[in-house]
Amino acid sequence: MGAPATAYDEKKETCGTVCLKYLLFTFNFLFWLAGGVVMAVGIWTLVEKSDYISLLSSATYAASAYILILAGAIVMVTGVLGCCATFKEQRRLLRVYFVLLLCIFLLEILAGVLAYIYYQQLNEELKQNLQETMVQKYRQPEQEHVTKAVDKLQQEFKCCGSNSSSDWGESVWIRTNEADGRLVPDSCCKTQTLGCGHRDHPSNIYKVEGGCITKLENFILDHLKIIGAVGVGIACVQIVGMVFTCCLYRSLKAEPY
């Protein structure tokens, strides 16, 4: 009776291993796609919204995006490695794969912590630095990136000044002859034309309660939520992958040395 039982156990073990292999392969394919999504979010943050990053004194927002790009790249490489390890049934490759999953998990935890810290301090940072940046650096030598960012901010979010349009009265540029008597930059105008900033009447320029600080803060907070949601989602998927990896690793026989 012993022999048939052994054969049955081996068959059962083989069936379980095959199921785990296909589960892990499916996981790795989804994981590879998720890596692409993580990279896309990070790249979008840096490329599409890079102008606004220049208005922030802290590098935490940009650092979170770089961490996401790095994590996404490692995820995609890890997904390919996981497929190879699964079908070759090599315990060594599975060990490497598990370690990479753990590293990615820690990177995403770090990105999440940075995003949360920045979420807490964002309002205070904007209050302290945005107005100073706008009035001191707008249209100043070697500050073209700030000028471009401020103009884009005011046009895209339909606002004028950090707190209100009256903030521009303290601008270094407004007080120079280069401003040509403008009261606000032309980018404050509802219909932007050359010299439209000579009039600061509400019919001509954007008058928004809370100014650009409120608009920029809401935008960054929404984006931080996206970064956090992506990070948490991928981290949860990784936990499943690590469980599958451990199960498959234990089901495989030790490699001969």
# chains A, B, ... in the order shown; residues from 1 in each chain; ligands from 1

call {"tool": "residues_around", "arguments": {"residues": "region 143-150 of chain A", "least_positions_apart": "3", "cutoff": "10 Å", "atoms": "only C-alpha atoms", "output": "list in words"}}
result
Lys49, Ser50, Asp51, Tyr52, Ile53, Ser54, Leu55, Leu130, Thr133, Met134, Gln136, Lys137, Tyr138, Arg139, Gln140, Leu153, Gln154, Gln155, Glu156, Cys160, Gly161, Ser162, Pro185, Ser187, Cys188 and Cys212 of chain A

call {"tool": "write_last_selection", "arguments": {"atoms": "N, CA and C atoms", "output": "CSV table (one decimal), in the first residue's frame"}}
result
chain,number,residue,atom,x,y,z
A,49,LYS,N,4.6,68.2,-15.5
A,49,LYS,CA,4.4,69.1,-14.4
A,49,LYS,C,5.7,69.6,-13.8
A,50,SER,N,6.8,69.5,-14.6
A,50,SER,CA,8.1,69.9,-14.2
A,50,SER,C,8.2,71.4,-13.9
A,51,ASP,N,7.4,72.2,-14.6
A,51,ASP,CA,7.4,73.7,-14.4
A,51,ASP,C,7.0,74.0,-13.0
A,52,TYR,N,6.0,73.3,-12.5
A,52,TYR,CA,5.5,73.7,-11.1
A,52,TYR,C,6.5,73.2,-10.1
A,53,ILE,N,7.3,72.2,-10.4
A,53,ILE,CA,8.3,71.8,-9.4
A,53,ILE,C,9.3,72.9,-9.1
A,54,SER,N,9.6,73.7,-10.1
A,54,SER,CA,10.6,74.8,-9.9
A,54,SER,C,10.0,75.9,-9.0
A,55,LEU,N,8.7,75.9,-8.7
A,55,LEU,CA,8.1,76.8,-7.7
A,55,LEU,C,8.2,76.3,-6.3
A,130,LEU,N,5.9,80.6,-2.1
A,130,LEU,CA,5.4,80.9,-3.4
A,130,LEU,C,5.4,82.4,-3.7
A,133,THR,N,8.9,83.7,-4.3
A,133,THR,CA,9.4,83.3,-5.6
A,133,THR,C,8.8,84.1,-6.7
A,134,MET,N,7.5,84.4,-6.6
A,134,MET,CA,6.8,85.1,-7.7
A,134,MET,C,7.2,86.5,-7.8
A,136,GLN,N,10.0,88.0,-6.4
A,136,GLN,CA,11.4,88.3,-6.4
A,136,GLN,C,12.1,87.7,-7.7
A,137,LYS,N,11.5,86.6,-8.3
A,137,LYS,CA,12.3,86.0,-9.4
A,137,LYS,C,11.6,86.1,-10.7
A,138,TYR,N,10.3,86.6,-10.8
A,138,TYR,CA,9.6,86.7,-12.0
A,138,TYR,C,10.3,87.7,-13.0
A,139,ARG,N,10.6,87.2,-14.2
A,139,ARG,CA,11.3,88.1,-15.2
A,139,ARG,C,12.6,88.6,-14.8
A,140,GLN,N,13.3,87.8,-13.9
A,140,GLN,CA,14.6,88.2,-13.5
A,140,GLN,C,15.7,87.4,-14.3
A,153,LEU,N,1.2,78.6,-14.6
A,153,LEU,CA,0.4,78.5,-13.5
A,153,LEU,C,-0.8,79.4,-13.5
A,154,GLN,N,-0.6,80.7,-13.8
A,154,GLN,CA,-1.7,81.6,-13.8
A,154,GLN,C,-2.7,81.4,-15.0
A,155,GLN,N,-2.2,81.0,-16.1
A,155,GLN,CA,-3.1,80.7,-17.2
A,155,GLN,C,-3.8,79.4,-17.1
A,156,GLU,N,-3.1,78.3,-16.6
A,156,GLU,CA,-3.7,77.0,-16.5
A,156,GLU,C,-4.8,77.0,-15.4
A,160,CYS,N,-4.3,84.8,-10.3
A,160,CYS,CA,-3.4,85.9,-10.5
A,160,CYS,C,-2.8,86.2,-9.1
A,161,GLY,N,-1.5,86.1,-9.0
A,161,GLY,CA,-0.8,86.4,-7.8
A,161,GLY,C,-0.8,85.2,-6.8
A,162,SER,N,0.0,85.2,-5.8
A,162,SER,CA,0.1,84.0,-4.9
A,162,SER,C,-1.2,84.0,-4.0
A,185,PRO,N,1.3,90.8,-14.6
A,185,PRO,CA,1.8,90.2,-15.8
A,185,PRO,C,0.7,89.9,-16.8
A,187,SER,N,0.0,87.3,-18.2
A,187,SER,CA,-0.6,85.9,-18.0
A,187,SER,C,-1.7,85.9,-17.0
A,188,CYS,N,-1.9,87.1,-16.3
A,188,CYS,CA,-3.1,87.2,-15.4
A,188,CYS,C,-4.4,87.4,-16.2
A,212,CYS,N,-3.3,81.9,-6.4
A,212,CYS,CA,-2.7,80.7,-7.0
A,212,CYS,C,-2.2,79.7,-6.0

call {"tool": "residues_around", "arguments": {"residues": "Thr78 (chain A)", "least_positions_apart": "6", "cutoff": "10 Å", "atoms": "only C-alpha atoms", "output": "list in words"}}
result
Asn28, Phe31, Trp32, Gly35, Gly72, Cys84, Val96, Tyr97, Phe98, Val99, Leu100, Leu101 and Ile104 of chain A

call {"tool": "atom_distance", "arguments": {"atom1": "CA of Glu108 (chain A)", "atom2": "CA of Val243 (chain A)"}}
result
18.1 Å

call {"tool": "residues_around", "arguments": {"residues": "Ala85 (chain A)", "least_positions_apart": "6", "cutoff": "9 Å", "atoms": "only C-alpha atoms", "output": "list of chain:residue names"}}
result
A:Arg91, A:Arg92, A:Leu93, A:Leu94, A:Tyr97

call {"tool": "closest_residue", "arguments": {"among": "A:Ile234, A:Val208, A:Leu110, A:Leu224", "to": "Val75 (chain A)", "atoms": "only C-alpha atoms"}}
result
A:Ile234
